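Some notes on the structure that comes next.
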Amino acid sequence: MQAYIIDFANLLLRWLHVIAAIAWIGESIYFVMLDNGLRTPKAAEDREKGVFGEMWAVHGGGFYHNQKYATAPAKLPNDLHWSFWKAYTTWLSGFALFVILYMANPGFYLVNPNSNWAWAASMTGWQANLLALAFLLGGWVVYNELCKRISPNMDRDGLLSVAVAVMMIVVAYLSTQMFTGRAAFLLTGAVMATAMSANVFFWIIPGQRRMVKAMKAGEAPNPLDGKRGKQRSVHNTYFTLPVVLLMVSNHYSFIYSHELSWVVMVLFIFAGALIRQFFVLMHAGKTQPAYPAVGIGLILLAFWVAAPSPSAGNASASGAPSQAQISGLIDQHCSQCHARNPEHAGFSAPPAGYAFDTWDEILGHQAQIKQVVASRYMPLGNITNMSDEERDIIAAWEE
């Protein structure tokens, strides 16, 4: 019953997380598009009252006229719209999911027994949990310090972008060395997602509140608040596509089970940022296909890096394995979870619906079993200590 309750909570949290993320990302992308799509107002009275730019749009059978003021309008309405709860809800629900799915069973999902770093391979569960939390917090601290030290007045954002890119390469490498591949991709995405939400909480919203307070007091807002909010908002929009990819990567073991998974991760991060740049510029009236072209090139490079070698999965064993050998290995390494009534406390139903209670069920999933065993995705975290010799037997399995 406990596993069922956890699964049901997981379902509801994931639903909430996806809804909040869609709302936040959609609104963020819309405002970036709006900001870049503004045109000089044609009406003289609009320019005289401080309107910096405007956009006319049609949607859902209606016409919309958006205007942006250069500094501040003469009067603010009482029902001013704020955008922050979607960001907070996305992060909080995502963190809750991480606690339920990963931190509740860190020895299974976080600890990387195959790490080249002995201390990482020998971590206990609570040590892995503390390291994961420190990883998230440290990512935000480093990113925030880079912003504050390199471009505090938003006059060296190009150099800052390079520094953040280097930081993400380091984060990707460290995560794959310290955690299981699945967790590494998720935590790297979570570092960016944490920075995005923290940007809203610590910089964008406080700056906007100071601006509104100054305007209501009849004072001129500090222009740095507006510039800093724009800087962090721009960073958020470039993080968006990579974060979405990293959050869904746990469904695709070939991405994170490769020995160069950190390289694959970096290529996808940069590809997402470049593709996002194309749309940012397109909304500003500049079509530059080189950006998506390079992005697609990086994706193809990731495909090449992650591709299995021609010999992968074709290891030979001493003769074709018997049904008894395969059944024995499945029972030893897989059936704790992949059964109609899993023995593992973390599952109330067989993962992905794959139950191996009978030989016919095992045979029906032969291709999937061989693939995930060859890629070392399964057993997850190699918690059952499957040996290379046993993997060779699975690889030599034929009908």
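Just remember, in the structure tokens the first chain shown is A, the second B, etc., residues are 1-based per chain, and ligands are 1-based in the order shown.
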Shell around segment 37-47 of chain A at 8 Å using only C-alpha atoms, local window under 6 positions removed, as a list in words: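 Here the qualifying residues turn out to be Gly53, Glu54, Met55, Gln67, Lys68, His283, Ala284 and Gly285 of chain A.
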Any chance you can output those residues with N, CA, C and O atoms as a PDB file, in the first residue's frame?
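selection_33.pdb was written with the following content:
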```
ATOM      1  N   GLY A  53       7.434  50.975 -27.179  1.00  0.00           N
ATOM      2  CA  GLY A  53       7.133  50.115 -28.319  1.00  0.00           C
ATOM      3  C   GLY A  53       5.746  49.522 -28.188  1.00  0.00           C
ATOM      4  O   GLY A  53       5.142  49.534 -27.112  1.00  0.00           O
ATOM      5  N   GLU A  54       5.238  49.003 -29.311  1.00  0.00           N
ATOM      6  CA  GLU A  54       3.896  48.421 -29.306  1.00  0.00           C
ATOM      7  C   GLU A  54       3.837  47.236 -30.247  1.00  0.00           C
ATOM      8  O   GLU A  54       4.692  47.082 -31.137  1.00  0.00           O
ATOM      9  N   MET A  55       2.848  46.400 -30.038  1.00  0.00           N
ATOM     10  CA  MET A  55       2.613  45.262 -30.927  1.00  0.00           C
ATOM     11  C   MET A  55       1.114  45.051 -31.075  1.00  0.00           C
ATOM     12  O   MET A  55       0.384  45.018 -30.083  1.00  0.00           O
ATOM     13  N   GLN A  67       1.500  47.491 -25.331  1.00  0.00           N
ATOM     14  CA  GLN A  67       2.403  48.639 -25.297  1.00  0.00           C
ATOM     15  C   GLN A  67       3.402  48.479 -24.148  1.00  0.00           C
ATOM     16  O   GLN A  67       3.053  47.982 -23.083  1.00  0.00           O
ATOM     17  N   LYS A  68       4.649  48.895 -24.396  1.00  0.00           N
ATOM     18  CA  LYS A  68       5.682  48.874 -23.366  1.00  0.00           C
ATOM     19  C   LYS A  68       6.208  50.290 -23.164  1.00  0.00           C
ATOM     20  O   LYS A  68       6.545  50.982 -24.132  1.00  0.00           O
ATOM     21  N   HIS A 283      11.725  36.842 -33.718  1.00  0.00           N
ATOM     22  CA  HIS A 283      10.694  37.738 -33.212  1.00  0.00           C
ATOM     23  C   HIS A 283      11.132  39.198 -33.267  1.00  0.00           C
ATOM     24  O   HIS A 283      10.296  40.096 -33.239  1.00  0.00           O
ATOM     25  N   ALA A 284      12.459  39.407 -33.336  1.00  0.00           N
ATOM     26  CA  ALA A 284      12.972  40.767 -33.469  1.00  0.00           C
ATOM     27  C   ALA A 284      13.106  41.173 -34.933  1.00  0.00           C
ATOM     28  O   ALA A 284      13.648  42.242 -35.243  1.00  0.00           O
ATOM     29  N   GLY A 285      12.617  40.310 -35.837  1.00  0.00           N
ATOM     30  CA  GLY A 285      12.650  40.629 -37.263  1.00  0.00           C
ATOM     31  C   GLY A 285      13.925  40.217 -37.965  1.00  0.00           C
ATOM     32  O   GLY A 285      14.184  40.651 -39.080  1.00  0.00           O
TER      33      GLY A 285
END
```
Residues of segment 34-112 of chain A in alpha helix (DSSP H), written as JSON, numbers by chain: {"A": [34, 35, 36, 44, 45, 46, 47, 48, 85, 86, 87, 88, 89, 90, 91, 92, 93, 94, 95, 96, 97, 98, 106, 107, 108, 109]}
File of the preceding selection, N, CA and C atoms, as a PDB file, in the first residue's frame:
```pdb
ATOM      1  N   LEU A  34       7.161  39.041 -27.191  1.00  0.00           N
ATOM      2  CA  LEU A  34       6.540  40.365 -27.179  1.00  0.00           C
ATOM      3  C   LEU A  34       7.602  41.457 -27.098  1.00  0.00           C
ATOM      4  N   ASP A  35       8.578  41.272 -26.212  1.00  0.00           N
ATOM      5  CA  ASP A  35       9.624  42.275 -26.018  1.00  0.00           C
ATOM      6  C   ASP A  35      10.440  42.473 -27.291  1.00  0.00           C
ATOM      7  N   ASN A  36      10.745  41.377 -27.974  1.00  0.00           N
ATOM      8  CA  ASN A  36      11.550  41.480 -29.193  1.00  0.00           C
ATOM      9  C   ASN A  36      10.735  41.888 -30.410  1.00  0.00           C
ATOM     10  N   ALA A  44       1.486  59.747 -32.296  1.00  0.00           N
ATOM     11  CA  ALA A  44       2.316  60.740 -31.601  1.00  0.00           C
ATOM     12  C   ALA A  44       1.959  60.822 -30.122  1.00  0.00           C
ATOM     13  N   GLU A  45       0.659  60.693 -29.790  1.00  0.00           N
ATOM     14  CA  GLU A  45       0.262  60.799 -28.392  1.00  0.00           C
ATOM     15  C   GLU A  45       0.824  59.652 -27.559  1.00  0.00           C
ATOM     16  N   ASP A  46       0.999  58.468 -28.171  1.00  0.00           N
ATOM     17  CA  ASP A  46       1.607  57.349 -27.452  1.00  0.00           C
ATOM     18  C   ASP A  46       3.083  57.631 -27.173  1.00  0.00           C
ATOM     19  N   ARG A  47       3.773  58.148 -28.160  1.00  0.00           N
ATOM     20  CA  ARG A  47       5.191  58.466 -27.961  1.00  0.00           C
ATOM     21  C   ARG A  47       5.363  59.556 -26.908  1.00  0.00           C
ATOM     22  N   GLU A  48       4.451  60.513 -26.901  1.00  0.00           N
ATOM     23  CA  GLU A  48       4.554  61.617 -25.941  1.00  0.00           C
ATOM     24  C   GLU A  48       4.335  61.155 -24.494  1.00  0.00           C
ATOM     25  N   TRP A  85       4.203  33.027  -9.505  1.00  0.00           N
ATOM     26  CA  TRP A  85       3.768  31.802  -8.863  1.00  0.00           C
ATOM     27  C   TRP A  85       3.951  30.575  -9.749  1.00  0.00           C
ATOM     28  N   LYS A  86       3.863  30.761 -11.052  1.00  0.00           N
ATOM     29  CA  LYS A  86       4.080  29.623 -11.951  1.00  0.00           C
ATOM     30  C   LYS A  86       5.510  29.121 -11.832  1.00  0.00           C
ATOM     31  N   ALA A  87       6.458  30.062 -11.714  1.00  0.00           N
ATOM     32  CA  ALA A  87       7.864  29.679 -11.560  1.00  0.00           C
ATOM     33  C   ALA A  87       8.089  28.945 -10.245  1.00  0.00           C
ATOM     34  N   TYR A  88       7.521  29.483  -9.160  1.00  0.00           N
ATOM     35  CA  TYR A  88       7.723  28.860  -7.856  1.00  0.00           C
ATOM     36  C   TYR A  88       7.067  27.480  -7.795  1.00  0.00           C
ATOM     37  N   THR A  89       5.862  27.376  -8.350  1.00  0.00           N
ATOM     38  CA  THR A  89       5.156  26.093  -8.328  1.00  0.00           C
ATOM     39  C   THR A  89       5.904  25.042  -9.136  1.00  0.00           C
ATOM     40  N   THR A  90       6.471  25.451 -10.269  1.00  0.00           N
ATOM     41  CA  THR A  90       7.243  24.513 -11.081  1.00  0.00           C
ATOM     42  C   THR A  90       8.423  23.966 -10.299  1.00  0.00           C
ATOM     43  N   TRP A  91       9.167  24.856  -9.632  1.00  0.00           N
ATOM     44  CA  TRP A  91      10.351  24.391  -8.897  1.00  0.00           C
ATOM     45  C   TRP A  91       9.962  23.554  -7.690  1.00  0.00           C
ATOM     46  N   LEU A  92       8.985  24.004  -6.934  1.00  0.00           N
ATOM     47  CA  LEU A  92       8.600  23.280  -5.721  1.00  0.00           C
ATOM     48  C   LEU A  92       8.056  21.886  -6.039  1.00  0.00           C
ATOM     49  N   SER A  93       7.225  21.798  -7.068  1.00  0.00           N
ATOM     50  CA  SER A  93       6.686  20.481  -7.435  1.00  0.00           C
ATOM     51  C   SER A  93       7.783  19.593  -8.007  1.00  0.00           C
ATOM     52  N   GLY A  94       8.721  20.180  -8.766  1.00  0.00           N
ATOM     53  CA  GLY A  94       9.836  19.409  -9.297  1.00  0.00           C
ATOM     54  C   GLY A  94      10.737  18.890  -8.193  1.00  0.00           C
ATOM     55  N   PHE A  95      10.998  19.726  -7.194  1.00  0.00           N
ATOM     56  CA  PHE A  95      11.834  19.291  -6.083  1.00  0.00           C
ATOM     57  C   PHE A  95      11.133  18.207  -5.284  1.00  0.00           C
ATOM     58  N   ALA A  96       9.829  18.339  -5.101  1.00  0.00           N
ATOM     59  CA  ALA A  96       9.077  17.307  -4.386  1.00  0.00           C
ATOM     60  C   ALA A  96       9.149  15.975  -5.135  1.00  0.00           C
ATOM     61  N   LEU A  97       9.069  16.020  -6.443  1.00  0.00           N
ATOM     62  CA  LEU A  97       9.215  14.805  -7.248  1.00  0.00           C
ATOM     63  C   LEU A  97      10.593  14.189  -7.054  1.00  0.00           C
ATOM     64  N   PHE A  98      11.613  15.035  -7.033  1.00  0.00           N
ATOM     65  CA  PHE A  98      12.974  14.554  -6.853  1.00  0.00           C
ATOM     66  C   PHE A  98      13.128  13.863  -5.494  1.00  0.00           C
ATOM     67  N   PRO A 106      18.057   6.712  -2.457  1.00  0.00           N
ATOM     68  CA  PRO A 106      19.282   7.206  -3.093  1.00  0.00           C
ATOM     69  C   PRO A 106      20.255   6.109  -3.500  1.00  0.00           C
ATOM     70  N   GLY A 107      20.323   5.026  -2.739  1.00  0.00           N
ATOM     71  CA  GLY A 107      21.232   3.952  -3.104  1.00  0.00           C
ATOM     72  C   GLY A 107      20.871   3.323  -4.429  1.00  0.00           C
ATOM     73  N   PHE A 108      19.608   3.421  -4.798  1.00  0.00           N
ATOM     74  CA  PHE A 108      19.111   2.849  -6.045  1.00  0.00           C
ATOM     75  C   PHE A 108      19.209   3.828  -7.201  1.00  0.00           C
ATOM     76  N   TYR A 109      18.921   5.117  -6.930  1.00  0.00           N
ATOM     77  CA  TYR A 109      18.786   6.089  -8.001  1.00  0.00           C
ATOM     78  C   TYR A 109      19.919   7.118  -8.094  1.00  0.00           C
TER      79      TYR A 109
END
```
Against segment 382-390 of chain A, which residues of segment 117-192 of chain A fall within 12 Å? For each one I want the closest pair of atoms and the distance in Å (one decimal), counting only C-alpha atoms, rows by chain and increasing residue number, as a Markdown table.
```
| residue | atom | partner | partner_atom | distance |
| --- | --- | --- | --- | --- |
| A:Ala121 | CA | A:Asn382 | CA | 11.6 |
| A:Thr180 | CA | A:Asn382 | CA | 9.9 |
| A:Gly181 | CA | A:Asn382 | CA | 11.8 |
```
Distance query Leu131 of chain A at most 12 Å, only C-alpha atoms, self and fewer than 5 positions along chain excluded, as a ChimeraX atom specification: /A:103,106,110-111,119-120,123-126,136-139,174-175,178-179,184,187
Those same residues - C-alpha atoms - I'd like them written as a PDB file, in the first residue's frame.
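The resulting out09.pdb:
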```pdb
ATOM      1  CA  MET A 103      16.078  10.962  -2.456  1.00  0.00           C
ATOM      2  CA  PRO A 106      19.282   7.206  -3.093  1.00  0.00           C
ATOM      3  CA  LEU A 110      21.664   8.406  -7.026  1.00  0.00           C
ATOM      4  CA  VAL A 111      24.765   6.421  -6.073  1.00  0.00           C
ATOM      5  CA  TRP A 119      34.597   8.141  -3.038  1.00  0.00           C
ATOM      6  CA  ALA A 120      31.563   8.651  -5.308  1.00  0.00           C
ATOM      7  CA  MET A 123      28.814   6.827  -1.079  1.00  0.00           C
ATOM      8  CA  THR A 124      26.040   5.880   1.282  1.00  0.00           C
ATOM      9  CA  GLY A 125      22.473   6.937   0.562  1.00  0.00           C
ATOM     10  CA  TRP A 126      22.430   9.886   2.950  1.00  0.00           C
ATOM     11  CA  LEU A 136      21.775  22.214  -6.643  1.00  0.00           C
ATOM     12  CA  LEU A 137      22.667  24.960  -4.183  1.00  0.00           C
ATOM     13  CA  GLY A 138      26.241  25.228  -5.435  1.00  0.00           C
ATOM     14  CA  GLY A 139      25.063  25.529  -9.033  1.00  0.00           C
ATOM     15  CA  LEU A 174      30.782  16.566 -12.522  1.00  0.00           C
ATOM     16  CA  SER A 175      27.224  15.250 -12.427  1.00  0.00           C
ATOM     17  CA  MET A 178      29.231  11.697  -9.066  1.00  0.00           C
ATOM     18  CA  PHE A 179      25.758  10.302  -9.799  1.00  0.00           C
ATOM     19  CA  ALA A 184      23.120  13.204 -13.591  1.00  0.00           C
ATOM     20  CA  LEU A 187      20.361  17.141 -11.711  1.00  0.00           C
TER      21      LEU A 187
END
```
Pick from A:Ala190, A:Leu363, A:Ala9, A:Met33 nearest to Phe278 of chain A, counting only C-alpha atoms: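 Checking each of A:Ala190, A:Leu363, A:Ala9, A:Met33 against Phe278 of chain A, counting only C-alpha atoms, the winner is A:Met33.
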Close residues, Lys49 of chain A itself excluded, 10 Å, only C-alpha atoms, min 4 positions apart in chain, as a list in words: Ala44, Glu45, Tyr69, Ala70, Ala72, Pro73 and Ala74 of chain A
Distance query Lys75 of chain A at most 12 Å, only C-alpha atoms, self and fewer than 6 positions along chain excluded, as a PyMOL selection string: chain A and resi 49-50+69+212+214-218
Distance criterion (only C-alpha atoms): nearest to Ser375 of chain A out of A:Ile326, A:Ala273, A:Ile19, A:Ile255: A:Ile255
